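Here is the file coords03.cif (mmCIF, C-alpha atoms).
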data_run
loop_
_atom_site.label_atom_id
_atom_site.label_comp_id
_atom_site.auth_asym_id
_atom_site.auth_seq_id
_atom_site.Cartn_x
_atom_site.Cartn_y
_atom_site.Cartn_z
CA MET A 24 33.68 -64.97 -31.37
CA ILE A 25 33.57 -68.62 -32.38
CA LYS A 26 35.31 -69.31 -35.68
CA ARG A 27 36.48 -72.31 -37.66
CA ILE A 28 40.18 -72.47 -38.47
CA ASP A 29 42.65 -74.86 -40.04
CA SER A 30 44.24 -76.98 -37.30
CA GLN A 31 47.67 -76.01 -38.65
CA LEU A 32 46.94 -72.45 -37.43
CA LEU A 33 46.30 -73.59 -33.86
CA GLN A 34 48.54 -72.01 -31.21
CA PRO A 35 49.03 -72.52 -27.46
CA GLY A 36 46.67 -70.22 -25.61
CA MET A 37 43.78 -70.75 -28.02
CA TYR A 38 40.57 -72.23 -26.65
CA VAL A 39 39.11 -75.15 -28.59
CA HIS A 40 35.33 -74.82 -28.74
CA ASP A 41 34.70 -77.89 -30.92
CA LEU A 42 37.07 -80.43 -32.50
CA ASP A 43 34.68 -80.61 -35.46
CA ILE A 44 34.84 -84.35 -36.02
CA PRO A 45 32.62 -87.15 -34.68
CA TRP A 46 33.44 -87.90 -31.05
CA VAL A 47 33.70 -91.58 -32.01
CA ASP A 48 36.79 -90.68 -34.07
CA HIS A 49 38.95 -88.97 -31.46
CA GLY A 50 40.36 -89.81 -28.04
CA PHE A 51 39.90 -86.45 -26.33
CA ALA A 52 37.80 -86.62 -23.19
CA GLN A 53 36.41 -83.13 -23.83
CA GLN A 54 35.43 -81.17 -26.93
CA HIS A 55 36.15 -77.84 -25.16
CA PHE A 56 39.57 -77.08 -23.68
CA LEU A 57 42.44 -74.60 -23.56
CA VAL A 58 45.43 -75.54 -25.69
CA VAL A 59 48.35 -75.42 -23.26
CA ASP A 60 51.25 -76.71 -25.36
CA SER A 61 52.44 -77.72 -28.82
CA ALA A 62 52.12 -81.42 -27.88
CA THR A 63 48.33 -81.01 -27.75
CA ILE A 64 48.38 -79.42 -31.20
CA SER A 65 50.46 -82.30 -32.58
CA ARG A 66 48.01 -84.79 -31.10
CA ILE A 67 45.05 -82.98 -32.69
CA ILE A 68 46.69 -82.95 -36.13
CA SER A 69 47.82 -86.58 -35.85
CA GLN A 70 44.20 -87.67 -35.33
CA GLY A 71 43.21 -86.30 -38.72
CA ILE A 72 41.50 -83.16 -37.43
CA HIS A 73 41.92 -80.71 -40.31
CA ARG A 74 39.66 -77.94 -39.02
CA LEU A 75 38.20 -77.02 -35.66
CA TYR A 76 36.42 -74.20 -33.88
CA ILE A 77 38.08 -71.79 -31.45
CA ASP A 78 36.41 -69.38 -29.02
CA THR A 79 38.28 -66.07 -29.08
CA SER A 80 36.44 -64.86 -25.96
CA LYS A 81 38.17 -67.59 -23.94
CA GLY A 82 41.58 -67.70 -25.59
CA ARG A 83 43.90 -66.27 -28.22
CA ASP A 84 42.67 -65.23 -31.65
CA LEU A 85 44.43 -65.72 -34.97
CA ALA A 86 47.37 -63.43 -35.61
CA PRO A 87 46.42 -60.30 -37.63
CA GLU A 88 48.15 -61.60 -40.76
CA ALA A 89 46.05 -64.80 -40.61
CA ALA A 90 42.75 -63.15 -39.62
CA THR A 91 41.12 -63.81 -43.01
CA LYS A 92 41.76 -67.55 -42.67
CA GLY A 93 39.13 -67.97 -39.97
CA GLU A 94 35.43 -68.42 -40.78
CA PRO A 95 32.78 -67.30 -38.27
CA GLN A 96 30.65 -70.17 -37.02
CA GLN A 97 27.42 -68.48 -38.10
CA GLU A 98 28.64 -68.39 -41.70
CA VAL A 99 29.40 -72.12 -41.64
CA HIS A 100 25.98 -72.85 -40.16
CA ALA A 101 24.25 -70.59 -42.69
CA ARG A 102 25.86 -72.56 -45.52
CA ILE A 103 24.76 -75.89 -44.02
CA ASP A 104 21.24 -74.57 -43.39
CA ALA A 105 21.03 -73.45 -47.03
CA THR A 106 21.86 -76.99 -48.18
CA ILE A 107 19.33 -78.46 -45.75
CA SER A 108 16.72 -76.00 -47.00
CA GLU A 109 17.41 -77.14 -50.56
CA LEU A 110 17.10 -80.79 -49.58
CA SER A 111 13.93 -80.14 -47.58
CA GLN A 112 11.98 -79.53 -50.78
CA GLU A 113 12.51 -83.16 -51.78
CA THR A 114 9.70 -85.72 -51.60
CA PRO A 115 10.24 -88.60 -49.14
CA PRO A 116 10.45 -92.19 -50.44
CA ARG A 117 7.12 -93.84 -51.23
CA ARG A 118 5.79 -96.20 -48.54
CA GLN A 119 3.48 -99.19 -48.77
CA ARG A 120 2.54 -98.77 -45.11
CA THR A 121 2.54 -95.96 -42.59
CA VAL A 122 4.90 -96.14 -39.62
CA GLN A 123 1.93 -96.95 -37.37
CA GLU A 124 0.91 -99.86 -39.61
CA GLU A 125 4.46 -101.28 -39.62
CA ILE A 126 5.55 -100.47 -36.08
CA SER A 127 4.41 -103.65 -34.28
CA THR A 128 6.13 -105.83 -36.90
CA ALA A 129 9.25 -103.67 -36.67
CA ARG A 130 9.30 -103.96 -32.87
CA LYS A 131 9.28 -107.78 -33.08
CA ILE A 132 12.00 -107.79 -35.75
CA CYS A 133 14.16 -105.50 -33.64
CA SER A 134 13.78 -107.72 -30.57
CA ASP A 135 14.56 -110.92 -32.48
CA ALA A 136 17.53 -109.40 -34.31
CA ASN A 137 18.99 -108.14 -31.04
CA ALA A 138 18.67 -111.64 -29.54
CA ILE A 139 20.47 -113.20 -32.53
CA VAL A 140 23.35 -110.70 -32.48
CA SER A 141 23.66 -111.02 -28.69
CA GLN A 142 23.84 -114.82 -29.02
CA MET A 143 26.55 -114.53 -31.65
CA MET A 144 28.57 -112.19 -29.42
CA THR A 145 28.25 -114.68 -26.57
CA MET A 146 29.51 -117.46 -28.86
CA ILE A 147 32.52 -115.32 -29.79
CA ARG A 148 33.33 -114.71 -26.11
CA LEU A 149 33.20 -118.47 -25.53
CA GLY A 150 35.63 -119.07 -28.39
CA GLU A 151 33.03 -120.61 -30.70
CA ARG A 152 32.73 -119.91 -34.42
CA ILE A 153 29.66 -118.23 -35.87
CA ASP A 154 27.94 -118.84 -39.20
CA ALA A 155 26.61 -115.90 -41.24
CA HIS A 156 24.00 -118.21 -42.78
CA GLN A 157 22.17 -118.00 -39.44
CA LEU A 158 21.30 -114.40 -40.32
CA GLU A 159 19.29 -115.28 -43.44
CA GLY A 160 15.90 -115.40 -41.73
CA ILE A 161 16.18 -112.14 -39.80
CA VAL A 162 17.71 -110.34 -42.80
CA ASN A 163 14.73 -111.40 -44.93
CA ARG A 164 12.40 -109.88 -42.35
CA ILE A 165 14.44 -106.65 -42.13
CA TYR A 166 14.43 -106.32 -45.92
CA ARG A 167 10.67 -106.82 -46.18
CA SER A 168 10.03 -104.31 -43.38
CA VAL A 169 12.14 -101.49 -44.86
CA SER A 170 10.59 -102.19 -48.28
CA ARG A 171 7.15 -101.56 -46.77
CA ASN A 172 8.29 -98.53 -44.77
CA PRO A 173 11.94 -97.36 -44.48
CA TYR A 174 11.36 -95.54 -41.17
CA ALA A 175 9.55 -97.84 -38.73
CA LEU A 176 12.40 -100.23 -37.96
CA SER A 177 15.02 -97.49 -37.57
CA GLY A 178 12.62 -95.56 -35.35
CA VAL A 179 12.14 -98.52 -33.00
CA SER A 180 15.83 -99.43 -32.94
CA ARG A 181 16.94 -95.89 -31.96
CA ILE A 182 16.07 -96.62 -28.32
CA LYS A 183 18.90 -98.48 -26.65
CA ILE A 184 19.66 -99.94 -23.24
CA ILE A 185 23.17 -98.95 -22.12
CA ASP A 186 24.29 -102.42 -21.05
CA ARG A 187 23.11 -103.90 -24.37
CA TYR A 188 24.39 -101.09 -26.55
CA ALA A 189 26.78 -103.17 -28.68
CA SER A 190 24.18 -105.58 -30.06
CA MET A 191 21.43 -102.94 -30.29
CA HIS A 192 23.75 -100.61 -32.22
CA CYS A 193 24.37 -103.41 -34.74
CA VAL A 194 20.63 -103.86 -35.22
CA SER A 195 20.09 -100.10 -35.68
CA VAL A 196 22.88 -99.89 -38.22
CA ALA A 197 21.45 -102.89 -40.06
CA SER A 198 17.99 -101.32 -40.31
CA LEU A 199 19.47 -98.07 -41.64
CA ALA A 200 21.78 -99.91 -44.04
CA ALA A 201 18.94 -101.97 -45.49
CA ALA A 202 16.75 -98.89 -45.93
CA PHE A 203 19.55 -96.80 -47.44
CA ALA A 204 20.75 -99.47 -49.87
CA ASN A 205 17.17 -100.12 -50.94
CA TYR A 206 16.61 -96.36 -51.42
CA LEU A 207 19.72 -96.17 -53.61
CA GLY A 208 18.29 -98.86 -55.91
CA VAL A 209 20.80 -101.56 -54.97
CA ASP A 210 19.65 -105.01 -56.10
CA GLU A 211 17.88 -107.12 -53.50
CA GLY A 212 20.63 -109.72 -53.11
CA THR A 213 23.27 -107.07 -52.42
CA VAL A 214 20.97 -105.25 -49.98
CA ARG A 215 20.70 -108.48 -48.00
CA GLU A 216 24.48 -108.97 -47.94
CA ILE A 217 25.01 -105.35 -46.82
CA THR A 218 22.44 -105.90 -44.05
CA LYS A 219 24.28 -109.02 -42.84
CA GLY A 220 27.53 -107.06 -42.75
CA ALA A 221 25.85 -104.34 -40.73
CA LEU A 222 24.54 -106.87 -38.19
CA LEU A 223 28.11 -108.12 -37.70
CA HIS A 224 30.03 -104.87 -38.19
CA ASP A 225 30.93 -104.50 -34.49
CA ILE A 226 31.20 -108.20 -33.65
CA GLY A 227 34.77 -107.60 -32.42
CA THR A 228 33.44 -105.60 -29.44
CA ALA A 229 32.52 -108.98 -27.96
CA MET A 230 36.22 -109.34 -27.13
CA ILE A 231 36.45 -106.00 -25.30
CA PRO A 232 35.75 -106.00 -21.54
CA ASP A 233 32.28 -104.78 -20.53
CA GLU A 234 33.76 -102.37 -17.99
CA ILE A 235 35.28 -100.43 -20.90
CA LEU A 236 32.30 -100.70 -23.27
CA MET A 237 29.83 -99.54 -20.62
CA LYS A 238 31.90 -96.90 -18.81
CA SER A 239 29.99 -93.92 -17.45
CA THR A 240 33.00 -91.67 -18.11
CA PRO A 241 34.95 -91.01 -21.35
CA PRO A 242 37.63 -93.64 -22.15
CA SER A 243 41.25 -93.00 -21.28
CA ASP A 244 43.87 -92.88 -24.05
CA ASP A 245 44.71 -96.55 -23.53
CA GLU A 246 41.03 -97.53 -23.48
CA PHE A 247 40.39 -95.52 -26.64
CA ARG A 248 43.18 -97.38 -28.44
CA LEU A 249 41.65 -100.66 -27.25
CA LEU A 250 38.21 -99.60 -28.48
CA ARG A 251 39.62 -98.69 -31.91
CA GLY A 252 41.03 -102.20 -32.07
CA HIS A 253 37.52 -103.63 -32.36
CA VAL A 254 37.70 -103.33 -36.15
CA GLN A 255 40.73 -105.60 -36.42
CA LEU A 256 39.07 -107.99 -33.99
CA SER A 257 35.93 -107.98 -36.14
CA ILE A 258 37.99 -108.64 -39.28
CA SER A 259 39.73 -111.60 -37.61
CA ILE A 260 36.37 -113.06 -36.58
CA ILE A 261 34.82 -112.55 -40.01
CA LYS A 262 37.74 -114.35 -41.69
CA LYS A 263 36.84 -117.46 -39.66
CA THR A 264 33.09 -117.15 -40.30
CA MET A 265 31.25 -119.23 -42.88
CA GLY A 266 29.03 -117.55 -45.46
CA VAL A 267 30.77 -114.16 -45.59
CA SER A 268 30.43 -112.23 -48.86
CA ALA A 269 32.58 -109.39 -50.18
CA GLU A 270 29.90 -106.83 -49.23
CA MET A 271 29.77 -108.15 -45.67
CA ALA A 272 33.54 -108.03 -45.28
CA THR A 273 33.68 -104.49 -46.66
CA PHE A 274 31.02 -103.20 -44.28
CA VAL A 275 32.82 -104.76 -41.31
CA SER A 276 36.32 -103.63 -42.23
CA ARG A 277 35.67 -100.10 -43.52
CA HIS A 278 32.97 -98.51 -41.37
CA HIS A 279 35.63 -96.42 -39.59
CA GLU A 280 37.51 -95.37 -42.74
CA ARG A 281 37.18 -91.70 -43.74
CA CYS A 282 37.37 -90.09 -47.20
CA ASP A 283 40.39 -87.96 -46.29
CA GLY A 284 42.41 -90.95 -45.04
CA SER A 285 42.09 -90.06 -41.35
CA GLY A 286 40.13 -93.21 -40.51
CA TYR A 287 41.23 -96.67 -39.44
CA PRO A 288 42.41 -99.37 -39.58
CA GLU A 289 43.98 -98.85 -43.04
CA GLY A 290 43.71 -95.09 -43.56
CA LEU A 291 42.00 -95.57 -46.94
CA THR A 292 40.83 -92.58 -48.96
CA GLY A 293 37.88 -91.84 -51.27
CA ASP A 294 37.34 -94.53 -53.87
CA GLN A 295 39.63 -96.93 -52.00
CA ILE A 296 36.90 -97.22 -49.35
CA GLY A 297 34.25 -98.10 -51.92
CA LYS A 298 30.56 -97.28 -51.93
CA VAL A 299 29.59 -99.88 -49.32
CA GLY A 300 32.33 -98.69 -46.96
CA GLN A 301 31.32 -95.05 -47.43
CA MET A 302 27.69 -95.93 -46.70
CA ALA A 303 28.79 -97.84 -43.61
CA ALA A 304 30.75 -94.85 -42.29
CA ILE A 305 27.78 -92.49 -42.60
CA ILE A 306 25.32 -94.89 -40.99
CA ASP A 307 27.61 -96.00 -38.15
CA VAL A 308 28.39 -92.42 -37.07
CA TYR A 309 24.76 -91.31 -37.40
CA ASP A 310 23.53 -94.07 -35.11
CA ALA A 311 26.36 -93.51 -32.61
CA LEU A 312 25.64 -89.77 -32.41
CA THR A 313 21.89 -90.27 -31.94
CA SER A 314 22.25 -92.97 -29.27
CA PRO A 315 22.80 -92.36 -25.54
CA ARG A 316 26.02 -93.60 -23.97
CA GLY A 317 27.01 -93.76 -20.32
CA TYR A 318 28.94 -90.49 -20.63
CA ARG A 319 27.11 -88.70 -23.47
CA GLN A 320 23.54 -87.70 -24.21
CA ALA A 321 22.10 -88.63 -27.57
CA TRP A 322 22.06 -85.89 -30.18
CA PRO A 323 18.75 -85.01 -31.85
CA PRO A 324 18.81 -86.68 -35.30
CA THR A 325 18.56 -83.34 -37.11
CA ARG A 326 21.68 -82.06 -35.34
CA ALA A 327 23.58 -85.24 -36.25
CA LEU A 328 22.61 -84.96 -39.92
CA LYS A 329 23.67 -81.30 -40.08
CA LYS A 330 27.04 -82.00 -38.44
CA GLN A 331 27.70 -84.96 -40.72
CA LEU A 332 26.94 -82.76 -43.70
CA GLU A 333 29.40 -80.21 -42.29
CA TRP A 334 32.04 -82.92 -41.87
CA SER A 335 31.70 -83.84 -45.54
CA PRO A 336 33.57 -84.25 -47.80
CA ASP A 337 36.58 -84.70 -45.48
CA HIS A 338 35.04 -87.57 -43.55
CA PHE A 339 32.05 -88.69 -45.61
CA ASN A 340 31.18 -88.94 -49.28
CA GLN A 341 29.26 -85.71 -49.80
CA GLU A 342 26.80 -87.00 -52.38
CA LEU A 343 26.00 -90.11 -50.33
CA MET A 344 25.52 -87.88 -47.28
CA ARG A 345 22.98 -85.77 -49.14
CA LEU A 346 21.18 -88.90 -50.31
CA PHE A 347 21.13 -90.27 -46.76
CA ILE A 348 19.47 -87.06 -45.57
CA ARG A 349 16.91 -87.32 -48.36
CA MET A 350 16.16 -90.89 -47.33
CA GLN A 351 15.96 -90.18 -43.58
CA GLY A 352 14.23 -86.83 -43.80
CA ILE A 353 15.24 -83.52 -42.19
CA PHE A 354 13.35 -84.60 -39.07
CA PRO A 355 13.68 -88.41 -38.82
CA ILE A 356 11.15 -90.57 -36.99
CA GLY A 357 11.46 -90.09 -33.22
CA THR A 358 12.84 -86.54 -33.47
CA VAL A 359 11.42 -84.24 -30.79
CA VAL A 360 10.57 -80.86 -32.30
CA GLU A 361 9.49 -77.51 -30.89
CA MET A 362 6.97 -75.49 -32.85
CA SER A 363 6.81 -71.72 -33.35
CA SER A 364 3.85 -71.72 -30.95
CA GLY A 365 5.91 -73.35 -28.17
CA LEU A 366 4.15 -76.70 -28.58
CA VAL A 367 6.42 -79.75 -28.52
CA GLY A 368 5.86 -82.99 -30.42
CA VAL A 369 7.56 -86.10 -31.76
CA VAL A 370 7.86 -86.96 -35.45
CA VAL A 371 5.87 -90.14 -36.10
CA ASP A 372 6.01 -90.29 -39.91
CA GLN A 373 7.18 -88.37 -42.95
CA GLY A 374 4.76 -86.07 -44.76
CA LYS A 375 4.71 -84.90 -48.35
CA LYS A 376 7.98 -83.00 -47.97
CA LEU A 377 11.10 -83.68 -45.90
CA ASN A 378 10.62 -80.50 -43.84
CA ALA A 379 6.94 -81.18 -43.13
CA PRO A 380 6.59 -84.47 -41.23
CA VAL A 381 3.65 -85.87 -39.28
CA VAL A 382 4.00 -84.82 -35.62
CA LYS A 383 2.26 -85.90 -32.43
CA ILE A 384 1.89 -82.86 -30.18
CA PHE A 385 2.13 -83.72 -26.48
CA TYR A 386 3.73 -80.84 -24.51
CA ASN A 387 3.48 -77.06 -24.12
CA ALA A 388 6.92 -75.53 -23.51
CA LEU A 389 5.58 -72.03 -22.81
CA GLU A 390 3.25 -73.21 -20.05
CA SER A 391 5.35 -76.23 -18.93
CA HIS A 392 2.61 -78.84 -19.02
CA PHE A 393 1.60 -81.84 -21.07
CA GLU A 394 -1.01 -81.36 -23.79
CA PRO A 395 -3.74 -83.76 -24.93
CA VAL A 396 -2.01 -85.82 -27.60
CA ARG A 397 -3.02 -84.89 -31.14
CA GLU A 398 -1.55 -85.63 -34.55
CA LEU A 399 -0.59 -82.84 -36.92
CA ASP A 400 0.45 -83.31 -40.55
CA MET A 401 2.79 -80.37 -41.12
CA SER A 402 2.50 -80.68 -44.91
CA SER A 403 -1.21 -79.79 -44.77
CA SER A 404 -1.20 -77.36 -41.84
CA ASP A 405 -0.73 -73.61 -41.79
CA GLU A 406 -1.32 -73.17 -38.06
CA ASP A 407 2.21 -73.86 -36.87
CA GLN A 408 5.77 -74.39 -38.07
CA ILE A 409 8.68 -76.43 -36.74
CA ARG A 410 11.23 -74.10 -35.15
CA TYR A 411 13.94 -76.65 -34.37
CA ALA A 412 14.71 -80.17 -33.16
CA ILE A 413 15.42 -80.54 -29.45
CA SER A 414 16.51 -83.14 -26.93
CA PRO A 415 13.64 -84.30 -24.67
CA GLU A 416 15.90 -83.64 -21.68
CA ARG A 417 15.58 -79.93 -22.47
CA TYR A 418 12.19 -79.94 -20.77
CA ARG A 419 12.90 -82.91 -18.51
CA ILE A 420 10.70 -85.17 -20.59
CA ASP A 421 11.31 -88.88 -20.06
CA PRO A 422 12.47 -90.34 -23.42
CA LYS A 423 10.19 -93.34 -22.71
CA VAL A 424 7.21 -90.97 -23.02
CA VAL A 425 8.44 -89.97 -26.46
CA VAL A 426 8.93 -93.59 -27.54
CA SER A 427 5.42 -94.55 -26.45
CA LEU A 428 3.97 -91.92 -28.77
CA TYR A 429 5.50 -93.20 -31.98
CA GLU A 430 5.50 -96.89 -31.09
#
This structure in structure tokens:
Amino acid sequence: MIKRIDSQLLQPGMYVHDLDIPWVDHGFAQQHFLVVDSATISRIISQGIHRLYIDTSKGRDLAPEAATKGEPQQEVHARIDATISELSQETPPRRQRTVQEEISTARKICSDANAIVSQMMTMIRLGERIDAHQLEGIVNRIYRSVSRNPYALSGVSRIKIIDRYASMHCVSVASLAAAFANYLGVDEGTVREITKGALLHDIGTAMIPDEILMKSTPPSDDEFRLLRGHVQLSISIIKKTMGVSAEMATFVSRHHERCDGSGYPEGLTGDQIGKVGQMAAIIDVYDALTSPRGYRQAWPPTRALKKQLEWSPDHFNQELMRLFIRMQGIFPIGTVVEMSSGLVGVVVDQGKKLNAPVVKIFYNALESHFEPVRELDMSSSDEDQIRYAISPERYRIDPKVVVSLYE
């Protein structure tokens, strides 16, 4: 049986099934391993891991006197699914344009923004100073795009090239930050400042060697410590940058802080992090989880949202997490979904409810062949239902095929 337990109850001989925190927050090469000594337990606790999952079929179970302190995984998932079901009845944000009407504009914005952030990172490597005022033009375009449709730009920016991940991640986070802040009713000027901060939030990675950033294997302990240092590097750069507002500085400095104090670099908790910092944490982890890395496949967006909800309120502000899900939808743009009929499609827009998006059907999983592409609005169709979100690799579908359908 797989059950969630308090990390303080962990004993040598237990088998860790899942560390139950974002992989970006811990330095373990694997999520699954046998606990061989107390030093491993101390390391787990020191990294702010309060709860984790153990597999009792592969290792020791809880002692009889502590048996009631473990929660079966299916019960945890049932609770999360109940919350998702509640949220799925919500109506998506209103849009001035459909994704298809906005997509070509979004693609150009994404390309230009990536070029600007890449140029700034090159300047940092060369020891030159950057000026945040240079972001005004692209931030105006991002703001106008997410105001017309909050999904198109984030859908385009989800696709990343491994050797350009750092700059492309910044652009993705910026598109999500602009859409989220706008959805929350933040005033336009503040939305723009938050977006600038998001574009620069990982600027410190410019000072980390490419051979570490683009490794095809998990980082070693020393490399993980170096990677965590990117926040301090970013803070140092921002302090020397002209045109930096309080919102920008907060986004840069606090996107790795966690509500329970387990984050870095300052170990801030709850209200100390502030609303902008809490938004930054949710968005940064979401984009990291749903993006491919050299040593990890991208998670389907729906899986990432469910896990982040599970990790709340320890790691993320629970109310903001629920609002982020409402803004993104249960099945965000670009999510590959399998229907009850075995048909497979990609979400290309939101429908009238969060659990009923517009899907382009393109594959038949039961018969293992591609289907003639057709669009299906799930909110006005009774012929099929979404069973679950999947990774395109499940059926050996080239992700580029998926992208072409919603771009």
Computed gap from atom CA of A:Leu75 to atom CA of A:Asp41 is 6.0 Å
Considering all atoms listed in the file, can you say which of A:Ala379, A:Met362, A:Ala105, A:Ile165 comes closest to A:Asn205?
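Of A:Ala379, A:Met362, A:Ala105, A:Ile165, the one nearest A:Asn205 is A:Ile165, counting all atoms listed in the file.
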(Q) Counting all atoms listed in the file, which residues have an atom no more than 10 Å from (24.3, -94.7, -31.4) in the file's coordinates? Please list them as a PyMOL selection string. (A) chain A and resi 47+180-183+188-189+191-193+195-196+306-316+321-322
Run the PyMOL selection byres ((chain A and resi 403-412) around 7) against the file shown and list the residues it catches, as a PDB file with C-alpha atoms, keeping the file's coordinate frame.
ATOM      1  CA  PRO A 323      18.750 -85.010 -31.850  1.00  0.00           C
ATOM      2  CA  THR A 325      18.560 -83.340 -37.110  1.00  0.00           C
ATOM      3  CA  THR A 358      12.840 -86.540 -33.470  1.00  0.00           C
ATOM      4  CA  VAL A 359      11.420 -84.240 -30.790  1.00  0.00           C
ATOM      5  CA  VAL A 360      10.570 -80.860 -32.300  1.00  0.00           C
ATOM      6  CA  GLU A 361       9.490 -77.510 -30.890  1.00  0.00           C
ATOM      7  CA  MET A 362       6.970 -75.490 -32.850  1.00  0.00           C
ATOM      8  CA  SER A 363       6.810 -71.720 -33.350  1.00  0.00           C
ATOM      9  CA  SER A 364       3.850 -71.720 -30.950  1.00  0.00           C
ATOM     10  CA  ASP A 400       0.450 -83.310 -40.550  1.00  0.00           C
ATOM     11  CA  MET A 401       2.790 -80.370 -41.120  1.00  0.00           C
ATOM     12  CA  SER A 402       2.500 -80.680 -44.910  1.00  0.00           C
ATOM     13  CA  ILE A 413      15.420 -80.540 -29.450  1.00  0.00           C
TER      14      ILE A 413
END
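Compared by their closest atoms to A:Cys133, and using all atoms listed in the file, the residues A:Ser427, A:Thr121, A:Ser198, A:Ser69 rank with A:Ser198 nearest.
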d(atom CA of A:Thr292, atom CA of A:His338) in Å
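According to the coordinates, atom CA of A:Thr292 and atom CA of A:His338 are separated by 9.4 Å.
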Ground truth for the PyMOL selection byres ((chain A and resi 161) around 12), written as number ranges by chain: A: 129, 131-140, 155-160, 162-168, 194, 197-198, 201, 215, 218-219, 222
Can I get the selected residues back with C-alpha atoms, as a PDB file, keeping the file's coordinate frame?
ATOM      1  CA  ALA A 129       9.250-103.670 -36.670  1.00  0.00           C
ATOM      2  CA  LYS A 131       9.280-107.780 -33.080  1.00  0.00           C
ATOM      3  CA  ILE A 132      12.000-107.790 -35.750  1.00  0.00           C
ATOM      4  CA  CYS A 133      14.160-105.500 -33.640  1.00  0.00           C
ATOM      5  CA  SER A 134      13.780-107.720 -30.570  1.00  0.00           C
ATOM      6  CA  ASP A 135      14.560-110.920 -32.480  1.00  0.00           C
ATOM      7  CA  ALA A 136      17.530-109.400 -34.310  1.00  0.00           C
ATOM      8  CA  ASN A 137      18.990-108.140 -31.040  1.00  0.00           C
ATOM      9  CA  ALA A 138      18.670-111.640 -29.540  1.00  0.00           C
ATOM     10  CA  ILE A 139      20.470-113.200 -32.530  1.00  0.00           C
ATOM     11  CA  VAL A 140      23.350-110.700 -32.480  1.00  0.00           C
ATOM     12  CA  ALA A 155      26.610-115.900 -41.240  1.00  0.00           C
ATOM     13  CA  HIS A 156      24.000-118.210 -42.780  1.00  0.00           C
ATOM     14  CA  GLN A 157      22.170-118.000 -39.440  1.00  0.00           C
ATOM     15  CA  LEU A 158      21.300-114.400 -40.320  1.00  0.00           C
ATOM     16  CA  GLU A 159      19.290-115.280 -43.440  1.00  0.00           C
ATOM     17  CA  GLY A 160      15.900-115.400 -41.730  1.00  0.00           C
ATOM     18  CA  VAL A 162      17.710-110.340 -42.800  1.00  0.00           C
ATOM     19  CA  ASN A 163      14.730-111.400 -44.930  1.00  0.00           C
ATOM     20  CA  ARG A 164      12.400-109.880 -42.350  1.00  0.00           C
ATOM     21  CA  ILE A 165      14.440-106.650 -42.130  1.00  0.00           C
ATOM     22  CA  TYR A 166      14.430-106.320 -45.920  1.00  0.00           C
ATOM     23  CA  ARG A 167      10.670-106.820 -46.180  1.00  0.00           C
ATOM     24  CA  SER A 168      10.030-104.310 -43.380  1.00  0.00           C
ATOM     25  CA  VAL A 194      20.630-103.860 -35.220  1.00  0.00           C
ATOM     26  CA  ALA A 197      21.450-102.890 -40.060  1.00  0.00           C
ATOM     27  CA  SER A 198      17.990-101.320 -40.310  1.00  0.00           C
ATOM     28  CA  ALA A 201      18.940-101.970 -45.490  1.00  0.00           C
ATOM     29  CA  ARG A 215      20.700-108.480 -48.000  1.00  0.00           C
ATOM     30  CA  THR A 218      22.440-105.900 -44.050  1.00  0.00           C
ATOM     31  CA  LYS A 219      24.280-109.020 -42.840  1.00  0.00           C
ATOM     32  CA  LEU A 222      24.540-106.870 -38.190  1.00  0.00           C
TER      33      LEU A 222
END
In Å and to one decimal, atom CA of A:Ser108 is distant from atom CA of A:Arg27 by 22.2 Å
Check your understanding: Just so the selection is clear, what residues does the PyMOL selection byres ((chain A and resi 116) around 12) cover here, as a ChimeraX atom specification?
Key -> /A:113-115,117-121,169-174,202-203,205-208,346-352,372-377
